[in-house]
Every structure is written in structure tokens, then in C-alpha cells.
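Structure below is query_33.cif: mmCIF, C-alpha atoms.
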data_model
loop_
_atom_site.label_atom_id
_atom_site.label_comp_id
_atom_site.auth_asym_id
_atom_site.auth_seq_id
_atom_site.Cartn_x
_atom_site.Cartn_y
_atom_site.Cartn_z
CA MET A 1 0.00 0.00 0.00
CA LEU A 2 1.28 3.41 -0.97
CA SER A 3 1.54 5.59 2.13
CA TRP A 4 3.38 8.77 2.99
CA ASN A 5 2.98 11.86 5.12
CA PHE A 6 5.18 14.86 4.49
CA GLY A 7 4.06 16.80 7.57
CA HIS A 8 6.39 17.75 10.39
CA GLY A 9 7.20 15.03 12.87
CA ARG A 10 9.91 13.44 14.94
CA GLY A 11 12.91 11.79 13.41
CA ARG A 12 12.84 13.73 10.13
CA THR A 13 15.80 14.75 8.03
CA CYS A 14 16.50 18.33 6.94
CA ASP A 15 14.55 17.76 3.71
CA GLY A 16 11.40 16.86 5.65
CA LEU A 17 11.50 13.10 4.98
CA SER A 18 11.74 10.61 7.80
CA ARG A 19 13.61 7.33 7.42
CA ARG A 20 10.26 5.50 7.38
CA ASP A 21 8.99 7.78 4.56
CA THR A 22 12.13 7.01 2.54
CA LEU A 23 11.69 3.26 2.87
CA LYS A 24 8.00 3.45 1.95
CA LEU A 25 8.75 5.49 -1.16
CA GLY A 26 11.50 3.08 -2.09
CA GLY A 27 9.03 0.22 -1.92
CA THR A 28 6.82 1.88 -4.55
CA GLY A 29 9.65 2.49 -6.99
CA LEU A 30 9.35 6.26 -6.69
CA LEU A 31 13.07 6.54 -5.92
CA GLY A 32 14.05 5.19 -9.29
CA GLY A 33 14.41 1.50 -8.37
CA LEU A 34 17.05 2.00 -5.68
CA SER A 35 18.31 -1.27 -4.22
CA LEU A 36 18.12 -2.09 -0.53
CA PRO A 37 21.85 -1.34 -0.03
CA ALA A 38 21.37 2.07 -1.64
CA LEU A 39 18.38 2.76 0.59
CA LEU A 40 20.38 1.75 3.64
CA GLN A 41 23.13 4.11 2.54
CA LEU A 42 20.61 6.95 2.32
CA GLN A 43 19.34 6.07 5.77
CA ALA A 44 22.86 6.10 7.20
CA GLU A 45 23.64 9.45 5.58
CA ALA A 46 20.41 10.91 7.01
CA ALA A 47 21.58 9.91 10.50
CA LEU A 48 24.91 11.73 10.21
CA PRO A 49 25.35 14.95 12.19
CA ARG A 50 24.65 18.18 10.38
CA LYS A 51 27.45 20.29 9.01
CA PRO A 52 28.33 22.55 11.97
CA THR A 53 27.02 26.08 11.82
CA ALA A 54 28.24 26.97 15.33
CA THR A 55 31.72 26.54 16.76
CA SER A 56 30.85 27.99 20.17
CA CYS A 57 27.79 28.37 22.40
CA ILE A 58 27.01 30.94 25.09
CA MET A 59 24.16 29.97 27.41
CA LEU A 60 22.61 32.66 29.61
CA PHE A 61 20.83 30.60 32.25
CA LEU A 62 18.23 32.59 34.21
CA GLU A 63 18.12 30.38 37.28
CA GLY A 64 14.80 30.30 39.12
CA GLY A 65 12.58 30.65 36.07
CA PRO A 66 11.90 33.81 34.02
CA SER A 67 8.29 34.90 33.59
CA THR A 68 7.49 34.20 29.94
CA ILE A 69 4.06 35.84 30.08
CA ASP A 70 5.62 39.11 31.27
CA MET A 71 8.52 39.14 28.81
CA TRP A 72 8.09 37.38 25.47
CA ASP A 73 4.56 35.97 25.27
CA LEU A 74 2.15 38.53 26.69
CA LYS A 75 -1.59 37.85 26.63
CA PRO A 76 -3.26 41.30 26.55
CA GLU A 77 -6.75 39.84 26.14
CA ALA A 78 -6.51 37.62 29.22
CA PRO A 79 -8.06 38.59 32.59
CA SER A 80 -5.96 40.89 34.80
CA GLU A 81 -4.97 38.07 37.16
CA ILE A 82 -3.38 36.38 34.15
CA ARG A 83 -2.00 39.17 31.98
CA GLY A 84 -0.47 41.17 34.84
CA PRO A 85 0.31 44.92 34.72
CA TYR A 86 2.57 45.03 31.65
CA HIS A 87 1.79 46.12 28.10
CA GLN A 88 3.01 44.93 24.73
CA ILE A 89 5.39 46.96 22.59
CA SER A 90 6.13 46.65 18.88
CA THR A 91 9.42 45.20 17.72
CA SER A 92 11.58 45.57 14.62
CA VAL A 93 9.75 42.54 13.16
CA ALA A 94 6.29 43.44 11.90
CA GLY A 95 3.51 41.71 13.83
CA THR A 96 5.81 40.64 16.69
CA TYR A 97 5.40 42.04 20.19
CA PHE A 98 7.39 41.79 23.42
CA GLY A 99 6.80 43.07 26.93
CA GLU A 100 7.34 46.76 27.61
CA HIS A 101 10.44 46.06 29.74
CA GLN A 102 12.32 44.49 26.81
CA PRO A 103 12.79 47.63 24.67
CA LEU A 104 16.40 46.96 23.64
CA CYS A 105 15.61 43.43 22.52
CA ALA A 106 12.53 44.73 20.70
CA LYS A 107 14.78 47.02 18.64
CA ILE A 108 16.88 44.08 17.40
CA ALA A 109 14.16 41.41 17.15
CA GLU A 110 15.25 40.75 13.57
CA LYS A 111 18.56 39.39 14.91
CA PHE A 112 17.21 36.51 17.05
CA THR A 113 14.35 34.04 17.35
CA VAL A 114 11.94 33.30 20.20
CA LEU A 115 10.81 29.72 20.74
CA ARG A 116 7.57 29.94 22.76
CA THR A 117 6.84 26.25 23.25
CA HIS A 118 9.64 24.81 25.36
CA SER A 119 7.83 22.46 27.74
CA HIS A 120 8.61 19.74 30.28
CA THR A 121 7.13 18.37 33.51
CA ASP A 122 9.76 19.01 36.21
CA ASN A 123 8.71 21.95 38.38
CA GLY A 124 11.67 21.77 40.77
CA HIS A 125 14.61 24.13 40.74
CA SER A 126 17.55 21.76 41.26
CA THR A 127 15.80 18.80 39.60
CA GLY A 128 14.63 20.94 36.67
CA TYR A 129 18.12 22.40 36.29
CA HIS A 130 19.52 18.85 36.21
CA TYR A 131 16.96 17.79 33.60
CA VAL A 132 17.52 20.76 31.31
CA MET A 133 21.32 20.54 31.44
CA THR A 134 21.68 16.75 31.10
CA GLY A 135 18.48 15.49 29.45
CA ARG A 136 18.01 13.04 32.35
CA LYS A 137 15.57 13.08 35.22
CA ALA A 138 17.30 13.86 38.50
CA PRO A 139 17.97 10.89 40.81
CA PHE A 140 17.34 13.09 43.86
CA SER A 141 14.39 15.09 45.14
CA ASP A 142 14.20 18.85 44.71
CA GLY A 143 15.98 20.90 47.31
CA ASN A 144 19.26 19.02 47.10
CA LEU A 145 21.68 21.82 46.29
CA ARG A 146 24.92 19.89 45.75
CA VAL A 147 27.18 21.52 43.18
CA PRO A 148 27.39 19.99 40.71
CA THR A 149 24.24 17.93 41.09
CA ASN A 150 24.91 15.70 38.07
CA ASP A 151 27.18 13.05 39.57
CA LEU A 152 26.47 10.57 36.77
CA TYR A 153 25.22 12.24 33.61
CA PRO A 154 27.30 14.89 31.84
CA SER A 155 25.97 18.38 31.20
CA ILE A 156 25.59 19.88 27.74
CA GLY A 157 28.76 21.92 28.31
CA SER A 158 30.80 18.81 29.10
CA MET A 159 29.36 17.06 26.04
CA VAL A 160 30.54 19.94 23.86
CA ALA A 161 33.96 19.98 25.55
CA ARG A 162 34.42 16.27 24.88
CA GLU A 163 33.11 16.21 21.32
CA VAL A 164 34.51 19.45 19.91
CA GLY A 165 37.71 19.53 21.93
CA ARG A 166 40.18 22.26 22.65
CA ASP A 167 42.15 24.22 20.07
CA SER A 168 43.48 27.05 22.24
CA SER A 169 44.93 27.68 25.68
CA VAL A 170 41.51 28.87 26.85
CA PRO A 171 39.48 26.04 28.45
CA PRO A 172 36.80 24.62 26.14
CA TYR A 173 34.09 24.82 28.82
CA ILE A 174 33.75 27.67 31.33
CA ASN A 175 31.17 28.56 34.02
CA LEU A 176 30.80 32.05 35.46
CA PRO A 177 30.41 33.78 37.82
CA ASN A 178 29.96 30.53 39.80
CA PRO A 179 29.33 26.82 39.04
CA MET A 180 26.17 25.98 37.13
CA GLY A 181 23.97 23.82 39.36
CA ALA A 182 24.02 20.83 37.02
CA GLY A 183 26.94 21.87 34.85
CA GLY A 184 29.35 19.13 35.87
CA ALA A 185 31.01 16.45 33.80
CA GLY A 186 29.31 13.43 35.40
CA PHE A 187 31.01 10.16 34.54
CA TYR A 188 33.15 11.90 31.88
CA GLY A 189 35.51 12.91 34.68
CA ALA A 190 37.65 15.92 35.53
CA GLU A 191 39.06 16.33 32.03
CA PHE A 192 35.69 17.62 30.77
CA ALA A 193 34.59 19.53 33.86
CA PRO A 194 34.05 23.28 33.52
CA PHE A 195 36.66 25.82 34.47
CA VAL A 196 34.76 27.88 37.05
CA ILE A 197 35.75 31.50 37.52
CA GLU A 198 33.99 31.92 40.90
CA SER A 199 34.35 35.67 40.77
CA ASP A 200 31.96 38.27 39.41
CA PRO A 201 33.37 40.49 36.64
CA VAL A 202 31.07 43.34 37.69
CA GLN A 203 33.20 43.80 40.84
CA PRO A 204 35.88 46.53 40.60
CA ASP A 205 38.57 44.17 41.93
CA PHE A 206 37.60 41.28 39.65
CA GLN A 207 40.37 38.86 38.78
CA VAL A 208 40.62 35.19 37.98
CA LYS A 209 42.68 34.00 40.92
CA ASP A 210 43.89 30.82 39.21
CA LEU A 211 45.61 32.90 36.51
CA ARG A 212 47.71 35.00 38.86
CA VAL A 213 51.04 33.72 40.14
CA SER A 214 51.63 34.62 43.78
CA ALA A 215 54.13 37.33 44.59
CA GLY A 216 57.70 36.07 44.86
CA ARG A 217 57.16 33.19 42.45
CA PRO A 218 58.44 34.29 39.05
CA SER A 219 57.90 32.25 35.92
CA GLN A 220 61.24 30.43 36.26
CA ARG A 221 60.19 29.10 39.65
CA LEU A 222 56.80 28.06 38.28
CA THR A 223 58.56 26.20 35.47
CA ARG A 224 60.79 24.36 37.93
CA ARG A 225 57.76 23.32 39.98
CA ARG A 226 56.05 22.03 36.86
CA SER A 227 59.16 20.06 35.92
CA LEU A 228 59.28 18.50 39.37
CA LEU A 229 55.62 17.46 39.12
CA ASP A 230 56.24 15.92 35.69
CA ARG A 231 59.14 13.83 37.03
CA PHE A 232 57.00 12.66 39.93
CA GLU A 233 54.21 11.54 37.59
CA GLN A 234 56.71 9.74 35.34
CA LEU A 235 57.54 7.45 38.26
CA HIS A 236 54.08 5.94 37.73
CA GLY A 237 54.95 4.94 34.18
CA SER A 238 52.88 5.49 31.03
CA GLU A 239 49.57 4.57 32.66
CA PRO A 240 47.38 7.43 33.93
CA LEU A 241 47.43 8.06 37.64
CA PRO A 242 44.61 6.26 39.48
CA GLY A 243 41.81 7.73 41.58
CA ARG A 244 42.09 11.16 43.12
CA ALA A 245 45.73 11.47 42.06
CA GLY A 246 44.65 11.27 38.43
CA VAL A 247 41.90 13.83 38.96
CA MET A 248 44.29 16.27 40.61
CA SER A 249 46.85 15.72 37.84
CA THR A 250 44.21 16.81 35.33
CA TYR A 251 43.44 19.94 37.33
CA TYR A 252 47.14 20.77 37.71
CA GLN A 253 47.63 20.48 33.95
CA LYS A 254 44.66 22.75 33.26
CA ALA A 255 45.88 25.32 35.76
CA TYR A 256 49.40 25.30 34.38
CA ASP A 257 48.19 25.70 30.80
CA LEU A 258 46.22 28.77 31.84
CA ILE A 259 48.93 30.38 33.92
CA ALA A 260 51.56 29.81 31.23
CA SER A 261 49.44 31.32 28.43
CA PRO A 262 49.46 35.11 27.87
CA LYS A 263 46.54 34.67 25.44
CA ALA A 264 44.42 32.98 28.10
CA ARG A 265 45.22 35.61 30.71
CA ARG A 266 44.35 38.34 28.23
CA ALA A 267 41.01 36.69 27.36
CA PHE A 268 39.94 36.78 31.01
CA ASP A 269 41.05 40.39 31.56
CA ILE A 270 37.81 42.30 31.11
CA ARG A 271 39.56 45.52 32.13
CA LEU A 272 40.99 45.65 28.60
CA GLU A 273 37.52 46.54 27.31
CA LYS A 274 36.68 50.19 26.78
CA GLY A 275 34.39 51.79 29.30
CA SER A 276 31.83 52.46 26.57
CA MET A 277 31.65 48.76 25.73
CA ARG A 278 31.25 47.77 29.36
CA GLN A 279 28.47 50.34 29.71
CA ARG A 280 26.79 48.97 26.60
CA TYR A 281 26.43 45.55 28.28
CA GLY A 282 25.44 47.15 31.57
CA TYR A 283 27.34 47.26 34.86
CA THR A 284 25.41 44.28 36.18
CA SER A 285 26.47 40.73 36.90
CA LEU A 286 24.66 39.38 33.83
CA GLY A 287 25.93 42.20 31.64
CA GLN A 288 29.59 41.87 32.53
CA CYS A 289 29.45 38.07 32.46
CA SER A 290 28.02 38.29 28.94
CA LEU A 291 30.82 40.62 27.86
CA LEU A 292 33.43 38.29 29.34
CA ALA A 293 31.73 35.37 27.57
CA ARG A 294 32.18 37.18 24.25
CA ARG A 295 35.89 37.62 25.02
CA LEU A 296 36.19 33.92 25.86
CA VAL A 297 34.57 32.57 22.67
CA GLU A 298 36.61 35.09 20.72
CA SER A 299 39.69 33.38 22.18
CA GLY A 300 38.56 29.81 21.46
CA CYS A 301 36.24 28.72 24.27
CA ARG A 302 33.56 26.31 23.01
CA PHE A 303 30.84 26.58 25.66
CA VAL A 304 30.30 29.35 28.21
CA GLY A 305 27.57 28.84 30.80
CA ILE A 306 26.45 31.95 32.70
CA ASP A 307 24.50 31.22 35.86
CA HIS A 308 22.30 34.20 36.77
CA GLY A 309 20.05 33.75 39.80
CA SER A 310 17.17 35.55 41.57
CA TRP A 311 14.47 34.70 39.00
CA ASP A 312 12.35 32.75 41.52
CA THR A 313 9.66 35.42 41.95
CA HIS A 314 6.96 33.95 44.19
CA PHE A 315 5.82 37.20 45.79
CA ASP A 316 5.75 40.91 44.90
CA CYS A 317 7.33 39.91 41.63
CA PHE A 318 6.56 42.95 39.54
CA PRO A 319 8.77 45.53 41.32
CA SER A 320 11.76 43.19 41.31
CA GLN A 321 11.19 42.20 37.69
CA GLU A 322 11.01 45.82 36.55
CA LYS A 323 14.03 46.98 38.55
CA ASP A 324 16.49 44.13 38.91
CA LEU A 325 15.70 41.39 36.40
CA PHE A 326 14.13 42.41 33.09
CA PRO A 327 16.40 45.43 32.36
CA HIS A 328 19.55 43.42 33.09
CA ALA A 329 18.54 40.58 30.76
CA ASP A 330 17.28 42.99 28.10
CA ARG A 331 20.54 44.94 27.98
CA ALA A 332 22.88 41.96 28.31
CA PHE A 333 21.25 39.80 25.62
CA SER A 334 20.75 42.62 23.11
CA ALA A 335 24.33 43.87 23.58
CA LEU A 336 25.81 40.38 23.27
CA VAL A 337 23.95 39.57 20.06
CA SER A 338 24.72 42.94 18.46
CA ASP A 339 28.37 42.90 19.54
CA LEU A 340 28.92 39.39 18.19
CA GLU A 341 27.33 40.40 14.89
CA GLU A 342 29.51 43.52 14.57
CA ARG A 343 32.64 41.42 15.15
CA GLY A 344 31.64 38.79 12.60
CA LEU A 345 31.20 36.16 15.33
CA LEU A 346 27.42 35.74 15.46
CA GLU A 347 27.25 33.28 12.55
CA SER A 348 29.58 30.91 14.38
CA THR A 349 28.37 31.54 17.96
CA LEU A 350 25.07 30.12 19.17
CA VAL A 351 23.50 32.24 21.93
CA VAL A 352 20.77 30.71 24.11
CA MET A 353 18.88 32.44 26.93
CA MET A 354 16.54 30.37 29.10
CA GLY A 355 15.79 29.10 32.61
CA GLU A 356 14.95 25.72 34.05
CA MET A 357 11.24 26.64 33.88
CA GLY A 358 8.81 29.51 33.42
CA ARG A 359 6.27 31.02 35.83
CA THR A 360 2.58 30.37 36.34
CA PRO A 361 0.19 32.32 34.14
CA ARG A 362 -2.04 33.06 37.13
CA ILE A 363 -0.75 35.57 39.69
CA ASN A 364 -0.87 34.09 43.17
CA GLY A 365 -2.24 35.65 46.37
CA ARG A 366 1.16 37.14 47.20
CA ALA A 367 1.38 39.15 43.97
CA GLY A 368 3.87 36.68 42.51
CA ARG A 369 4.05 33.87 40.00
CA ASP A 370 4.96 30.30 40.95
CA HIS A 371 6.86 27.50 39.18
CA TRP A 372 5.58 26.50 35.74
CA SER A 373 7.55 24.23 33.43
CA GLN A 374 4.75 23.52 30.95
CA ALA A 375 5.48 26.59 28.82
CA GLN A 376 8.61 28.68 28.61
CA SER A 377 10.10 30.93 25.96
CA VAL A 378 13.71 30.35 24.93
CA LEU A 379 15.74 32.89 22.95
CA PHE A 380 18.16 31.78 20.22
CA ALA A 381 20.57 33.80 18.12
CA GLY A 382 23.42 33.07 15.73
CA GLY A 383 25.02 29.71 15.03
CA GLY A 384 22.75 28.79 12.14
CA ILE A 385 19.46 29.98 13.69
CA ARG A 386 17.13 31.73 11.23
CA PRO A 387 16.52 35.10 12.92
CA GLY A 388 13.42 37.25 13.21
CA GLN A 389 11.02 34.39 13.96
CA ILE A 390 8.49 33.45 16.58
CA VAL A 391 8.46 29.64 16.68
CA GLY A 392 5.39 27.97 18.18
CA ALA A 393 2.46 29.39 20.11
CA THR A 394 0.79 28.95 23.48
CA ASP A 395 -2.87 29.09 24.50
CA LYS A 396 -4.76 32.21 25.62
CA GLN A 397 -3.15 32.10 29.06
CA ALA A 398 0.41 31.12 28.04
CA ALA A 399 -0.12 27.94 30.02
CA PHE A 400 0.37 25.22 27.39
CA PRO A 401 1.70 24.97 23.83
CA VAL A 402 -0.96 24.83 21.13
CA SER A 403 1.64 23.80 18.54
CA ASP A 404 4.22 21.03 18.85
CA PRO A 405 5.94 21.33 22.25
CA VAL A 406 9.72 21.36 22.27
CA GLY A 407 11.06 19.16 25.04
CA VAL A 408 14.38 19.07 26.84
CA ASP A 409 15.79 16.36 24.56
CA ASP A 410 14.73 18.32 21.48
CA LEU A 411 16.58 21.37 22.76
CA LEU A 412 19.79 19.50 23.62
CA ARG A 413 19.78 17.57 20.35
CA THR A 414 19.36 20.80 18.39
CA ILE A 415 22.24 22.57 20.17
CA LEU A 416 24.58 19.63 19.67
CA ASN A 417 23.64 19.15 16.03
CA LEU A 418 24.14 22.84 15.25
CA MET A 419 27.68 22.36 16.56
CA GLY A 420 28.18 19.37 14.28
CA ILE A 421 28.04 16.84 17.12
CA ASP A 422 26.45 13.43 16.67
CA SER A 423 23.84 13.57 19.43
CA GLU A 424 23.34 9.80 19.27
CA ARG A 425 26.96 8.97 20.05
CA ILE A 426 27.29 6.50 22.92
CA TYR A 427 29.77 6.46 25.79
CA HIS A 428 30.00 3.87 28.54
CA THR A 429 29.90 4.59 32.27
CA PRO A 430 32.63 3.09 34.50
CA LEU A 431 30.25 0.16 35.06
CA GLY A 432 29.88 -0.40 31.32
CA ARG A 433 26.40 1.05 30.86
CA PRO A 434 25.93 2.59 27.38
CA VAL A 435 24.76 6.21 27.55
CA PRO A 436 23.97 8.24 24.40
CA LEU A 437 24.59 11.98 24.47
CA VAL A 438 20.85 12.56 24.03
CA LYS A 439 18.39 9.78 24.69
CA ASP A 440 15.36 10.96 22.72
CA GLY A 441 14.09 14.06 20.93
CA ARG A 442 14.21 15.59 17.48
CA PHE A 443 16.14 18.35 15.76
CA VAL A 444 13.95 21.47 15.84
CA GLU A 445 13.98 22.27 12.14
CA GLU A 446 11.70 25.27 12.58
CA LEU A 447 14.60 27.17 14.17
CA VAL A 448 16.75 26.97 11.06
#
If you took the structure in this file and wrote it as C-alpha cells, what would it be?
Amino acid sequence: MLSWNFGHGRGRTCDGLSRRDTLKLGGTGLLGGLSLPALLQLQAEAALPRKPTATSCIMLFLEGGPSTIDMWDLKPEAPSEIRGPYHQISTSVAGTYFGEHQPLCAKIAEKFTVLRTHSHTDNGHSTGYHYVMTGRKAPFSDGNLRVPTNDLYPSIGSMVAREVGRDSSVPPYINLPNPMGAGGAGFYGAEFAPFVIESDPVQPDFQVKDLRVSAGRPSQRLTRRRSLLDRFEQLHGSEPLPGRAGVMSTYYQKAYDLIASPKARRAFDIRLEKGSMRQRYGYTSLGQCSLLARRLVESGCRFVGIDHGSWDTHFDCFPSQEKDLFPHADRAFSALVSDLEERGLLESTLVVMMGEMGRTPRINGRAGRDHWSQAQSVLFAGGGIRPGQIVGATDKQAAFPVSDPVGVDDLLRTILNLMGIDSERIYHTPLGRPVPLVKDGRFVEELV
């Protein structure tokens, strides 16, 4: 029986045909009498990773959950207890509207895309963070604030570090201004763990302590110490050091590479930026972290994760959103995207801004919005993303997607594939369990 369906669905190739569609068409002779081996070859080629359009990724993670309905997906026709006090404003894309406290992003809406239908079912902060960063449900209950929380499964940053590798003295994976809650390397080990700055570049005395040699220890002395450590490790032979000794050896090597590299030290020195550029990003934690992230990808970093907290607005949310949250995100994201474009880096740098969840459409009795993971907007720019779009739609209360929801696995698979990484590649845990980079999901073709 002849059967095909060319609509959108999971598991489809970039030309819109799924593997099942291809086999059905082959059975009818519509592919010119291709043999089974030829069909299998087509199937194998369809499974290959995409040609990379991004070499680096910057993720602005708004920890706590940004309020989608107040920022990117306003519902002006909804009752007041749903729509809140904010109004829509026009953007540079005809027919597209954002919240009134995103004026800078509204001016450059043609440079990025808003996905309005990111949706999952984990309403916890630490568990949701774990899910979004790893694609795996957390093995602990919410409230466990270990850092990192992902003892077993690697985060998206560690996946990128392992798959894309390092081609400069700057670490391939960096967290700032502190560790991402689920940003660890899991069973990949210390080699693919993030370099964590643990210092906020908005502070006047900001410095990356691991890059500064203590007073009285010139470079010759540092070199002698490194030589002594190398001789000690050689006593163990060609095999890697076991246990904690091996982990510490990895950290020592990373630290030495950074300290010994003028290029790396320069990349981290945000004071080299002009005052006008720093002002453009905003003298806020998110603003200065975003500027430093641009410097890092410019110097060869592959994945920068910015952890920005305080988005858990359960009560009196509107004053804090207007004063301390929305303007910082608006300025930082718009400046980052525009700056990357002006430097010719936006095409090769994927920028993602999201949280672990959104907020409830209905305002609670404390004038706040609670946890809501069923619908969240995610912003994408650069790295092969087709700009100026609104992808997907939610219902009249911004509570649920009315078009195809985009799950956590879909999001991770899309980021990896844009970077030319085979998201189905399998690694084995120390106990021999096979673990693919991404377990399920589809590439979100609508974004490109």
C-alpha cells in the first residue's frame, strides 16, 4: 500500500522526509528503483550529524525561572490576574510584540528568534536544572543543592567539551560567575569539567585567581615546579594516575596551561575593554558576564555557561522584575547579540537564553508567580538559527503549547547538532552502561 505523510514530525531529516517515509517510497519504486543497499546508505547518511554552523555556544541561564508571560509571550486579552500589569510593545519585526520592559531586545528582534513552546514536567529548581542541562531526570528530590548535582550524567557543556575539543589555551568549557547547578562532567571525569571563575566580573577588583602567580614566584620558579611534578608523575609509568591522584593531575595540567598562556590571561582580563563597551552591556552581573563570555569565545572557548540567579519570583514579583531582572537581561542579551554580529562572530556563535522553567500564568495571592515548566520561551541567536522568527504558540493564558511542544531532549539535540556533534553517540559509564549523548528528541527544524 502506498503511504506517505510529508508533515512535520519526529525523526525527520532536513529535507522533511523521515527514514520511514524514505523506505515506503522506495518500496513503490518512486526513488528510481534503488536497491536495498542504496536505501540503507541513504538512511545512514540521514543519520549523520549536520554540518556545523556553530563553533561555540554561550548559554545565559536565568536560574529560578523567568516569567514568559511578562517578557516574550504577553496575553493582553486575558483577565488581569493572568496578563499582569505590563503592556506589549512593537518590535523591529512586523507583527511581533514583546513586553514593555524588553525595549532593547525589541529594537533588534530581527537578529534573534523566540521559541515559545519549550515544555517539560519538572517543576523543581535543582531537579529541573539537572533535567535541562543533562536530558536526564534527576535521581534526587528537589531541594538538594549539591554543586554539581549531576554526579552521573554529563551536562551539555561537558558534552561539547568532549566532542569538539580544545584548540586554544583557553578552556573549552567555562562557568561564570559561579558553578552551574548541574553543569558538571558526570562520569566523563575531571578532564571535561568546567573551568569555574567563581568571581563576578562586575566587581571593581575582579580577577581570575587561578591565573595569577603569587608574589615572589616568578615564571622560572613556576617552570621548575612544573618540571618536578612531571618527574614525579613519570615514576608511575605510562599509565594514567589512578583515583584522586589522576583527577588532581588533570586539574594541575589545566591550571598550568592557563597560567603559562598570555593569550588565556588576556582573554579573562575584562579591564581591557573600553568603558563604553562595558556600559553597553550594563554594569550588572549578567551584563559583565556576557561581555566576558564574548571575550572567551573570541579566544577559542567552546561553551560558556552563565549562571544568573534571583528569578524565583513567588511574591511581589513585579517591582523586582522591573528593577532588577528584566532590564539586566534585556541589555545583556541585546548587547551580546549585536556585539557578536559587529565582530563577525554571530554566525559561528550560538547564543541561548533560558531558565529551568517559566512562571505560572495566574498571579498568586502574594502578587507573585509560581513555578511553571509547561510553557517557557527560549531565545536563540546566531550559530545557524534563522533570525526574526516566533516559533510555536501557546494558549490564551500562556499555560500550554498549542503547537508542537519542544522538550528538553529536542533542545539538547538541536544545540549539539548545530555544533556538528552526533547527538546519538554513545559512551560507557565506569560500570559499562551505554549512555547516548541525548536519549530521545528531534532536531527542531523550525529554528533553522
- If you apply the PyMOL selection byres ((chain A and resi 159-169) around 8) to this file, what residues do you get, as an NGL selection string? :A and (154-158 or 170-173 or 185 or 192 or 257-258 or 261 or 263-264 or 299-303 or 416 or 421 or 437)
- Query: What does the distance from CA of Pro327 in chain A to CA of Asp70 in chain A come to in Å, to one decimal?
  - Reply: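 Separation between CA of Pro327 in chain A and CA of Asp70 in chain A: 12.5 Å.
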What does the PyMOL selection byres ((chain A and resi 389) around 7) select in this file, as a CSV table (one decimal) with C-alpha atoms, keeping the file's coordinate frame?
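Okay, this is what ended up in expr_33.csv:
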chain,number,residue,atom,x,y,z
A,113,THR,CA,14.4,34.0,17.4
A,114,VAL,CA,11.9,33.3,20.2
A,387,PRO,CA,16.5,35.1,12.9
A,388,GLY,CA,13.4,37.2,13.2
A,390,ILE,CA,8.5,33.4,16.6
A,391,VAL,CA,8.5,29.6,16.7
- Message: Please compute the CA of Ala182 in chain A-CA of Ile197 in chain A distance, one decimal, in Å.
- Response: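 CA of Ala182 in chain A sits 15.9 Å away from CA of Ile197 in chain A.
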- Task: Work out how far apart CA of Ser334 in chain A and CA of Arg442 in chain A are and give it in Å to one decimal.
- Result: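 Result for CA of Ser334 in chain A versus CA of Arg442 in chain A: 28.4 Å, one decimal.
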- Which residue gives the smallest distance to Gly358 in chain A among A:Glu77, A:Asp409, A:Glu273, A:Asp122, with only C-alpha atoms counted? A:Asp122
- Message: I'd like to see the residues matched by the PyMOL selection byres ((chain A and resi 293) around 12) on this file, and ideally I'd get them as a ChimeraX atom specification.
- Response: /A:56-60,170,172-177,197,201,267-270,281,285-292,294-307,332-333,335-337,339-340,349-351
- Query: Using all atoms listed in the file, can you list as a ChimeraX atom specification the residues within 12 Å of (5.8, 38.6, 48.2)?
  - Reply: /A:312-320,363-370
- Counting all atoms listed in the file, figure out which residue out of A:Ala399, A:Val352, A:Thr284, A:Lys274 gets nearest to Lys323 in chain A.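 Ranked by minimum distance to Lys323 in chain A, first place goes to A:Thr284.
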Considering all atoms listed in the file, tabulate each residue of range 158-191 of chain A that lies at most 9 Å from range 129-135 of chain A along with its nearest interatomic pair and the corresponding distance in Å to one decimal; arrange the rows by chain and ascending residue number and present them as a Markdown table.
| residue | atom | partner | partner_atom | distance |
| --- | --- | --- | --- | --- |
| A:Met180 | CA | A:Tyr129 | CA | 8.9 |
| A:Gly181 | CA | A:Tyr129 | CA | 6.8 |
| A:Ala182 | CA | A:His130 | CA | 5.0 |
| A:Gly183 | CA | A:Met133 | CA | 6.7 |
- Message: With 10 Å as the threshold, what does the neighbourhood of (24.0, 18.8, 15.8) contain in terms of residues, counting all atoms listed in the file? Coordinates are those of the file; answer as an MDAnalysis selection string.
- Response: chainID A and resid 48:54 412:424 443
- Message: Could you check the closest approach to Ser403 in chain A for each of A:His428, A:Arg83, A:Lys107, A:Arg116 and tell me which residue wins, using only C-alpha atoms?
- Response: A:Arg116
